[in-house]
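K.L.:
Here you go, this is run.cif (mmCIF, C-alpha atoms and all ligand atoms).
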```cif
data_coords
loop_
_atom_site.label_atom_id
_atom_site.label_comp_id
_atom_site.auth_asym_id
_atom_site.auth_seq_id
_atom_site.Cartn_x
_atom_site.Cartn_y
_atom_site.Cartn_z
CA MET L 22 -175.46 76.43 106.14
CA ASN L 23 -177.82 75.46 108.97
CA ASN L 24 -176.35 75.00 112.44
CA VAL L 25 -172.76 75.91 111.71
CA GLY L 26 -171.88 75.46 115.40
CA GLU L 27 -173.26 71.92 115.49
CA VAL L 28 -171.45 70.99 112.27
CA ILE L 29 -168.20 72.27 113.72
CA ASN L 30 -168.67 70.21 116.90
CA GLU L 31 -169.40 67.19 114.73
CA LEU L 32 -166.23 67.85 112.69
CA VAL L 33 -164.11 68.12 115.83
CA GLN L 34 -165.47 64.79 117.10
CA TRP L 35 -164.81 63.22 113.68
CA LEU L 36 -161.19 64.40 113.70
CA ARG L 37 -160.67 62.93 117.17
CA LEU L 38 -162.24 59.64 116.08
CA LYS L 39 -160.13 59.34 112.92
CA VAL L 40 -156.92 60.16 114.76
CA LYS L 41 -157.76 57.63 117.48
CA GLU L 42 -158.61 54.94 114.91
CA ALA L 43 -155.17 55.47 113.36
CA ASN L 44 -153.46 55.23 116.78
CA SER L 45 -152.11 58.66 116.01
CA ASN L 46 -151.37 61.53 118.41
CA GLY L 47 -152.55 64.59 116.53
CA VAL L 48 -152.56 66.46 113.23
CA VAL L 49 -150.33 68.51 110.96
CA PHE L 50 -151.30 70.66 107.96
CA GLY L 51 -150.04 73.42 105.69
CA LEU L 52 -150.92 76.89 106.96
CA SER L 53 -151.00 79.20 103.94
CA GLY L 54 -152.64 82.34 105.27
CA GLY L 55 -155.76 81.51 103.23
CA VAL L 56 -159.22 80.82 104.59
CA ASP L 57 -159.37 77.07 103.89
CA SER L 58 -156.32 76.25 105.98
CA ALA L 59 -157.46 78.81 108.59
CA VAL L 60 -160.69 76.84 109.05
CA VAL L 61 -158.80 73.55 109.21
CA ALA L 62 -156.48 75.17 111.77
CA GLY L 63 -159.46 76.28 113.87
CA LEU L 64 -160.95 72.77 113.79
CA ALA L 65 -157.60 71.09 114.51
CA LYS L 66 -156.86 73.35 117.46
CA ARG L 67 -160.28 72.59 118.95
CA ALA L 68 -159.84 68.86 118.42
CA PHE L 69 -156.22 68.67 119.64
CA PRO L 70 -155.28 71.77 121.66
CA ASN L 71 -151.75 70.45 122.33
CA ASN L 72 -151.23 68.28 119.27
CA SER L 73 -152.06 70.36 116.22
CA LEU L 74 -149.30 71.87 114.13
CA GLY L 75 -149.47 74.30 111.20
CA ILE L 76 -146.50 74.35 108.83
CA ILE L 77 -145.84 77.59 106.95
CA MET L 78 -144.07 76.69 103.70
CA PRO L 79 -143.15 79.63 101.48
CA CYS L 80 -141.90 78.69 98.03
CA HIS L 81 -141.29 81.87 96.04
CA SER L 82 -144.39 83.09 97.90
CA ASN L 83 -145.69 86.58 98.53
CA PRO L 84 -144.42 87.56 102.04
CA ILE L 85 -147.96 88.62 102.98
CA ASP L 86 -148.93 84.91 103.00
CA GLU L 87 -146.64 84.21 105.92
CA GLU L 88 -147.86 87.32 107.75
CA HIS L 89 -151.44 86.13 107.31
CA ALA L 90 -150.57 82.58 108.39
CA LEU L 91 -149.03 83.95 111.61
CA LEU L 92 -152.07 86.16 112.14
CA VAL L 93 -154.30 83.07 111.95
CA ALA L 94 -152.02 81.11 114.28
CA ASP L 95 -151.89 83.94 116.85
CA SER L 96 -155.65 84.35 116.78
CA ILE L 97 -156.19 80.73 117.86
CA GLY L 98 -152.95 80.01 119.74
CA LEU L 99 -151.78 77.46 117.17
CA LYS L 100 -148.24 76.10 117.20
CA THR L 101 -146.41 76.65 113.89
CA GLU L 102 -143.16 75.81 112.17
CA LYS L 103 -141.73 77.51 109.10
CA VAL L 104 -140.06 75.51 106.35
CA ASP L 105 -138.92 77.70 103.45
CA LEU L 106 -138.99 75.53 100.33
CA THR L 107 -137.72 78.20 97.93
CA SER L 108 -134.13 76.96 97.69
CA VAL L 109 -135.26 73.30 97.50
CA TYR L 110 -137.52 74.22 94.59
CA ASP L 111 -134.72 76.15 92.84
CA GLU L 112 -132.27 73.30 93.30
CA PHE L 113 -134.81 70.78 92.04
CA ILE L 114 -135.53 72.81 88.90
CA ALA L 115 -131.80 73.23 88.28
CA MET L 116 -131.24 69.49 88.66
CA VAL L 117 -133.99 68.36 86.30
CA PRO L 118 -133.03 69.40 82.80
CA ILE L 119 -136.36 69.36 80.98
CA GLU L 120 -136.08 72.06 78.36
CA LYS L 121 -139.59 71.76 77.02
CA THR L 122 -141.58 72.23 80.21
CA ASN L 123 -144.44 74.59 81.09
CA THR L 124 -145.54 76.93 83.87
CA LEU L 125 -148.06 74.55 85.40
CA ALA L 126 -145.71 71.57 85.43
CA LYS L 127 -143.24 73.68 87.43
CA ALA L 128 -145.87 75.32 89.65
CA ASN L 129 -147.25 71.93 90.71
CA ILE L 130 -143.86 71.01 92.19
CA LYS L 131 -144.61 73.47 95.02
CA PRO L 132 -147.64 71.66 96.50
CA ARG L 133 -145.78 68.36 96.05
CA LEU L 134 -142.80 69.64 98.04
CA ARG L 135 -145.27 70.77 100.71
CA MET L 136 -146.82 67.32 100.76
CA THR L 137 -143.39 65.75 101.27
CA THR L 138 -142.67 68.14 104.12
CA LEU L 139 -145.99 67.45 105.84
CA TYR L 140 -145.40 63.69 105.71
CA TYR L 141 -141.98 64.15 107.25
CA TYR L 142 -143.60 65.90 110.23
CA ALA L 143 -146.46 63.40 110.36
CA ALA L 144 -144.17 60.39 110.48
CA SER L 145 -141.83 62.05 113.00
CA TYR L 146 -144.58 63.04 115.47
CA ASN L 147 -147.06 60.23 114.76
CA TYR L 148 -149.56 62.76 113.44
CA LEU L 149 -152.01 62.53 110.51
CA VAL L 150 -151.88 65.02 107.61
CA LEU L 151 -155.00 67.12 107.17
CA GLY L 152 -156.04 68.34 103.72
CA CYS L 153 -157.63 71.76 103.26
CA SER L 154 -159.49 71.15 99.98
CA ASN L 155 -163.13 72.19 99.86
CA LYS L 156 -165.98 70.79 97.76
CA SER L 157 -165.87 73.63 95.23
CA GLU L 158 -162.20 72.98 94.35
CA PHE L 159 -162.70 69.25 94.58
CA THR L 160 -165.62 69.20 92.15
CA ILE L 161 -163.63 70.82 89.35
CA GLY L 162 -160.24 69.28 90.17
CA TYR L 163 -158.71 72.59 91.23
CA PHE L 164 -155.86 71.05 93.21
CA THR L 165 -152.56 69.31 92.51
CA LYS L 166 -152.73 65.53 92.28
CA HIS L 167 -150.53 64.08 95.07
CA GLY L 168 -149.79 67.66 96.12
CA ASP L 169 -152.31 69.50 98.29
CA SER L 170 -154.57 66.46 97.82
CA GLY L 171 -151.88 64.06 99.10
CA VAL L 172 -153.21 63.82 102.66
CA ASP L 173 -154.70 61.45 105.23
CA LEU L 174 -158.01 63.17 106.05
CA PHE L 175 -160.21 65.66 104.22
CA PRO L 176 -162.23 67.41 106.95
CA ILE L 177 -163.76 70.14 104.78
CA ALA L 178 -163.94 68.54 101.32
CA ASN L 179 -167.70 68.09 101.58
CA PHE L 180 -168.30 71.82 102.16
CA VAL L 181 -168.51 74.41 99.39
CA LYS L 182 -166.51 77.65 99.60
CA LYS L 183 -169.54 79.58 100.88
CA ASP L 184 -169.72 77.18 103.86
CA ILE L 185 -166.00 77.60 104.50
CA TRP L 186 -166.42 81.38 104.76
CA GLU L 187 -169.32 80.81 107.17
CA MET L 188 -167.28 78.41 109.30
CA ALA L 189 -164.43 80.94 109.31
CA GLU L 190 -166.77 83.61 110.73
CA TYR L 191 -167.96 81.21 113.41
CA LEU L 192 -164.37 80.26 114.32
CA ASP L 193 -163.44 83.96 114.66
CA ILE L 194 -160.82 83.82 111.91
CA PRO L 195 -159.49 87.38 111.36
CA GLN L 196 -161.68 89.30 108.90
CA ILE L 197 -158.79 90.13 106.55
CA ILE L 198 -158.33 86.38 105.89
CA ILE L 199 -162.03 85.89 105.17
CA GLU L 200 -162.25 88.88 102.85
CA LYS L 201 -159.18 88.38 100.67
CA PRO L 202 -159.54 86.71 97.27
CA PRO L 203 -158.76 82.96 97.32
CA THR L 204 -155.43 82.13 95.67
CA ALA L 205 -153.32 79.02 95.19
CA GLY L 206 -150.28 81.33 95.36
CA LEU L 207 -148.43 79.33 92.69
CA TRP L 208 -147.41 82.42 90.72
CA ASP L 209 -147.59 86.21 91.11
CA ASP L 210 -151.10 87.66 91.14
CA GLN L 211 -152.76 84.26 90.65
CA THR L 212 -156.34 84.17 91.94
CA ASP L 213 -158.61 81.13 91.90
CA GLU L 214 -161.47 82.91 90.16
CA ASP L 215 -159.25 84.37 87.38
CA GLU L 216 -157.68 81.00 86.64
CA ILE L 217 -160.90 79.01 86.90
CA GLY L 218 -162.74 81.52 84.73
CA PHE L 219 -165.88 81.94 86.87
CA GLY L 220 -166.75 82.83 90.45
CA TYR L 221 -167.22 80.69 93.54
CA ASP L 222 -170.81 82.01 93.76
CA ILE L 223 -171.63 80.40 90.40
CA LEU L 224 -169.68 77.22 91.19
CA ASP L 225 -171.32 76.80 94.61
CA ASN L 226 -174.78 77.41 93.15
CA TYR L 227 -174.17 74.73 90.58
CA ILE L 228 -172.94 72.24 93.20
CA LEU L 229 -175.79 72.96 95.60
CA TYR L 230 -178.72 73.54 93.24
CA LYS L 231 -177.54 72.30 89.83
CA THR L 232 -178.35 75.67 88.28
CA GLY L 233 -176.36 78.36 86.46
CA PRO L 234 -175.59 79.92 83.09
CA GLU L 235 -175.64 77.15 80.47
CA ASN L 236 -172.10 77.71 79.13
CA ILE L 237 -170.61 77.71 82.63
CA VAL L 238 -172.57 74.64 83.72
CA LYS L 239 -171.15 72.84 80.67
CA LYS L 240 -167.65 73.96 81.62
CA ILE L 241 -168.05 72.83 85.24
CA GLU L 242 -169.36 69.43 84.16
CA LYS L 243 -166.45 69.01 81.78
CA MET L 244 -163.91 69.97 84.45
CA ASN L 245 -165.57 67.55 86.84
CA LYS L 246 -165.35 64.73 84.33
CA THR L 247 -161.78 65.32 83.23
CA SER L 248 -160.56 65.58 86.85
CA LYS L 249 -162.24 62.34 87.99
CA HIS L 250 -158.87 60.58 88.05
CA LYS L 251 -157.67 63.00 90.73
CA ARG L 252 -160.40 61.99 93.16
CA GLU L 253 -159.88 58.25 92.82
CA PHE L 254 -157.22 55.67 93.50
CA PRO L 255 -155.29 54.89 90.26
CA PRO L 256 -156.70 52.10 88.10
CA ILE L 257 -155.13 48.72 88.76
CA PHE L 258 -154.60 46.41 85.79
CA ILE L 259 -156.13 42.97 86.31
CA SER L 260 -155.15 40.28 83.84
CA GLN L 261 -157.98 38.36 82.20
CA LYS L 262 -155.57 35.56 81.36
CA GLU L 263 -155.06 34.26 84.87
N1 LIG P 1 -157.33 60.65 82.59
C1 LIG P 1 -156.27 60.60 83.42
N2 LIG P 1 -156.07 59.49 84.16
C2 LIG P 1 -155.03 59.42 85.03
N3 LIG P 1 -154.15 60.43 85.22
C3 LIG P 1 -154.31 61.56 84.50
C4 LIG P 1 -155.37 61.69 83.57
N4 LIG P 1 -155.28 62.92 83.00
C5 LIG P 1 -154.20 63.52 83.54
N5 LIG P 1 -153.60 62.70 84.45
C6 LIG P 1 -152.40 63.00 85.29
O1 LIG P 1 -152.70 64.17 86.05
C7 LIG P 1 -151.69 65.16 85.86
C8 LIG P 1 -152.36 66.55 85.89
O2 LIG P 1 -152.87 66.83 87.17
P1 LIG P 1 -152.11 67.83 88.13
O3 LIG P 1 -150.70 67.44 88.23
O4 LIG P 1 -152.90 67.93 89.40
O5 LIG P 1 -152.11 69.23 87.34
P2 LIG P 1 -153.23 70.19 86.76
O6 LIG P 1 -154.62 69.70 87.04
O7 LIG P 1 -152.89 70.45 85.36
O8 LIG P 1 -152.96 71.51 87.58
C9 LIG P 1 -153.37 71.73 88.91
C10 LIG P 1 -154.41 72.82 88.97
O9 LIG P 1 -154.82 72.98 90.33
C11 LIG P 1 -154.59 74.32 90.72
N6 LIG P 1 -154.18 74.31 92.12
C12 LIG P 1 -153.11 73.55 92.51
C13 LIG P 1 -152.71 73.53 93.82
C14 LIG P 1 -153.41 74.28 94.77
C15 LIG P 1 -154.51 75.03 94.34
C16 LIG P 1 -155.22 75.86 95.34
O10 LIG P 1 -156.36 76.24 95.12
O11 LIG P 1 -154.57 76.16 96.33
C17 LIG P 1 -154.89 75.01 93.02
C18 LIG P 1 -153.51 74.85 89.81
O12 LIG P 1 -153.49 76.25 89.78
C19 LIG P 1 -153.88 74.17 88.51
O13 LIG P 1 -154.91 74.87 87.88
C20 LIG P 1 -151.09 64.83 84.49
O14 LIG P 1 -149.77 65.32 84.40
C21 LIG P 1 -151.16 63.31 84.48
O15 LIG P 1 -150.04 62.78 85.16
N1 LIG P 2 -147.33 78.90 101.62
C1 LIG P 2 -147.95 77.83 102.12
N2 LIG P 2 -147.58 77.33 103.31
C2 LIG P 2 -148.21 76.27 103.83
N3 LIG P 2 -149.22 75.63 103.25
C3 LIG P 2 -149.63 76.07 102.06
C4 LIG P 2 -149.03 77.19 101.41
N4 LIG P 2 -149.67 77.40 100.25
C5 LIG P 2 -150.62 76.45 100.16
N5 LIG P 2 -150.61 75.64 101.25
C6 LIG P 2 -151.49 74.50 101.56
O1 LIG P 2 -152.21 74.16 100.37
C7 LIG P 2 -153.61 74.27 100.64
C8 LIG P 2 -154.36 74.62 99.39
O2 LIG P 2 -154.29 75.98 99.13
P1 LIG P 2 -155.61 76.83 98.91
O3 LIG P 2 -155.17 78.12 98.34
O4 LIG P 2 -156.64 76.04 98.19
O5 LIG P 2 -156.19 77.04 100.38
P2 LIG P 2 -156.08 78.33 101.32
O6 LIG P 2 -154.88 79.11 100.96
O7 LIG P 2 -156.11 77.82 102.72
O8 LIG P 2 -157.40 79.15 101.05
P3 LIG P 2 -157.75 80.00 99.72
O9 LIG P 2 -158.20 78.97 98.70
O10 LIG P 2 -158.87 80.87 100.13
O11 LIG P 2 -156.51 80.72 99.27
C9 LIG P 2 -153.68 75.29 101.76
O12 LIG P 2 -154.90 75.22 102.43
C10 LIG P 2 -152.50 74.88 102.61
O13 LIG P 2 -152.80 73.75 103.40
MG MG P 3 -154.56 79.96 99.17
#
```
Translate this structure into structure tokens?

P.N.:
Amino acid sequence: MNNVGEVINELVQWLRLKVKEANSNGVVFGLSGGVDSAVVAGLAKRAFPNNSLGIIMPCHSNPIDEEHALLVADSIGLKTEKVDLTSVYDEFIAMVPIEKTNTLAKANIKPRLRMTTLYYYAASYNYLVLGCSNKSEFTIGYFTKHGDSGVDLFPIANFVKKDIWEMAEYLDIPQIIIEKPPTAGLWDDQTDEDEIGFGYDILDNYILYKTGPENIVKKIEKMNKTSKHKREFPPIFISQKE
């Protein structure tokens, strides 16, 4: 990316503008210990030094995630709160007696509980909810509808993963966060690249230059098409009879 510093200044100004337009006081977001939310945290803290809040929300999560989230917060002086959603998730599953369910249906409850939590903070403090999705995930629909995508602003959704890593370096995010494999953390040992079936290098190259191995390009284009509904407002029925 050219001029990473200038882009970051532009992003900070944009966040301030959007928050002002909404008559809001600041921003809140999920702090996972991953690089996407670390970059959003760095931007938020620059934009609103006293009104940015990262929420750490374990839900049957690997304890290292929380350690990494706190490492990010300490490195930039970010205020955090911890809301452990594990027991809420367990109770919810116990209360909803669907026998014939599947792993993904259950896993997607986690980002949706996080979304609910973030909106509780947002409404209580008059903050806006920031999303941490990037363009690579967005393009192929690698996010939970109304979960991690259920937000007010998407500051980094027009930047591919490669750009996010570059922004993280510029923002002095701890190296361990930049170097670890991206994961949604929805089940043990999940990694983005294993689940997606190809690497961010290939995905980013396709998005930026429209090139790549033919079979993977086909797969990306199919994923993009079938996830279109996740990037749009739901269709509204309009009667032709009126
Ligand atoms: N054509 C259509 N028009 C309108 N709605 C449509 C639809 N097709 C499905 N749907 C609806 O969409 C639902 C499926 O979408 P969704 O619920 O999102 O579920 P789905 O796309 O199946 O799963 C989410 C994916 O995102 C990944 N993820 C999630 C969260 C965070 C991260 C991360 O990187 O951190 C990654 C996760 O590992 C998984 O691969 C269906 O149950 C249905 O309700
Ligand atoms: N345990 C968690 N606590 C708080 N927020 C979380 C947690 N897990 C996920 N999130 C939120 O969901 C978002 C999507 O997760 P995702 O894994 O795509 O991003 P990341 O963890 O920041 O970076 P990476 O993709 O490199 O792991 C996170 O950026 C964060 O805002
Ligand atoms: Mg992650």

K.L.:
Need the shell around L:Ala144: protein/DNA/RNA residues with any atom at most 12 Å away, counting only C-alpha atoms. Skip same-chain ones fewer than 4 positions apart. Format as a list of chain:residue names?

P.N.:
L:Ser45, L:Asn46, L:Gly47, L:Val48, L:Val49, L:Thr137, L:Thr138, L:Leu139, L:Tyr140, L:Tyr148, L:Leu149, L:Val150, L:Asp173

K.L.:
Would you mind listing the residues within 6 Å of ligand LIG 2 (chain P), counting only C-alpha atoms and all ligand atoms, as an NGL selection string?

P.N.:
:L and (50-58 or 76-79 or 153-154 or 169 or 203-205)

K.L.:
If we count only C-alpha atoms and set the cut-off at 10 Å, which residues sit around L:Ile29, ignoring sequence neighbours fewer than 6 positions away in its own chain? Please answer as a PyMOL selection string.

P.N.:
chain L and resi 35+60+63-64+67+188+191-192

K.L.:
Residues up to 8 Å from ligand LIG 1 (chain P), counting all atoms listed in the file: could you list those as a tab-separated table (two decimals) with C-alpha atoms, in the coordinates of the input?

P.N.:
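Output saved as pocket.tsv:
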```
chain	number	residue	atom	x	y	z
L	125	LEU	CA	-148.06	74.55	85.40
L	126	ALA	CA	-145.71	71.57	85.43
L	128	ALA	CA	-145.87	75.32	89.65
L	129	ASN	CA	-147.25	71.93	90.71
L	132	PRO	CA	-147.64	71.66	96.50
L	154	SER	CA	-159.49	71.15	99.98
L	158	GLU	CA	-162.20	72.98	94.35
L	162	GLY	CA	-160.24	69.28	90.17
L	163	TYR	CA	-158.71	72.59	91.23
L	164	PHE	CA	-155.86	71.05	93.21
L	165	THR	CA	-152.56	69.31	92.51
L	166	LYS	CA	-152.73	65.53	92.28
L	167	HIS	CA	-150.53	64.08	95.07
L	168	GLY	CA	-149.79	67.66	96.12
L	169	ASP	CA	-152.31	69.50	98.29
L	203	PRO	CA	-158.76	82.96	97.32
L	204	THR	CA	-155.43	82.13	95.67
L	205	ALA	CA	-153.32	79.02	95.19
L	206	GLY	CA	-150.28	81.33	95.36
L	207	LEU	CA	-148.43	79.33	92.69
L	213	ASP	CA	-158.61	81.13	91.90
L	216	GLU	CA	-157.68	81.00	86.64
L	217	ILE	CA	-160.90	79.01	86.90
L	247	THR	CA	-161.78	65.32	83.23
L	248	SER	CA	-160.56	65.58	86.85
L	249	LYS	CA	-162.24	62.34	87.99
L	250	HIS	CA	-158.87	60.58	88.05
L	251	LYS	CA	-157.67	63.00	90.73
L	255	PRO	CA	-155.29	54.89	90.26
```

K.L.:
Counting only C-alpha atoms and all ligand atoms, which residue out of L:Phe258, L:Trp208, L:Phe219, L:Tyr230 sits closest to ligand MG 3 (chain P)?

P.N.:
L:Trp208

K.L.:
Let me make sure I understand: among L:Tyr146, L:His89, L:Asn30, L:Met116, which one has the smallest atom-to-atom distance to L:Asn72 if we use all atoms listed in the file?

P.N.:
L:Tyr146

K.L.:
Pull the neighbourhood of (-168.7, 79.3, 99.0) for me: all residues within 10 Å in file coordinates, counting only C-alpha atoms, as a ChimeraX atom specification.

P.N.:
/L:155-157,180-187,220-226

K.L.:
Can you tell me how far atom CA of L:Thr107 sits from atom CA of L:Asp209, in Å to one decimal?

P.N.:
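About the pair atom CA of L:Thr107 and atom CA of L:Asp209: they are 14.4 Å apart.
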
K.L.:
Report, in Å to a single decimal, how far apart atom CA of L:Leu106 and atom CA of L:Phe254 are.

P.N.:
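Rounded to one decimal, the two atoms are 27.8 Å apart.
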
K.L.:
Quick one: pull the distance between atom CA of L:Ile257 and atom CA of L:Asn123, Å, one decimal.

P.N.:
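Computed distance, atom CA of L:Ile257 to atom CA of L:Asn123, equals 29.0 Å.
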
K.L.:
Give me, as number ranges by chain, all polymer residues having an atom no more than 10 Å from L:Leu91, counting all atoms listed in the file and skipping those fewer than 4 positions away in the same chain.

P.N.:
L: 52-54, 75, 77, 85-87, 95-96, 98-101

K.L.:
Using all atoms listed in the file, which residue out of L:Ile130, L:Ile198, L:Val117, L:Leu229 lies closest to ligand MG 3 (chain P)?

P.N.:
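For ligand MG 3 (chain P), the nearest of the candidates is L:Ile198.
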
K.L.:
Name the closest residue to L:Ser73 among the candidates L:Arg135, L:Thr122, L:Leu32, L:Tyr142; distances are taken between atoms, counting only C-alpha atoms.

P.N.:
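The answer is L:Tyr142, which sits nearest to L:Ser73.
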
K.L.:
Nearest to ligand MG 3 (chain P): which of L:Ile119, L:Val28, L:Ala90, L:Ile177 is it, counting all atoms listed in the file?

P.N.:
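Going through L:Ile119, L:Val28, L:Ala90, L:Ile177 one by one, the smallest distance to ligand MG 3 (chain P) is for L:Ala90.
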
K.L.:
I need the residue nearest ligand MG 3 (chain P) from this list: L:Glu235, L:Glu253, L:Asp210, L:Glu42. Use only C-alpha atoms and all ligand atoms for the distance.

P.N.:
L:Asp210
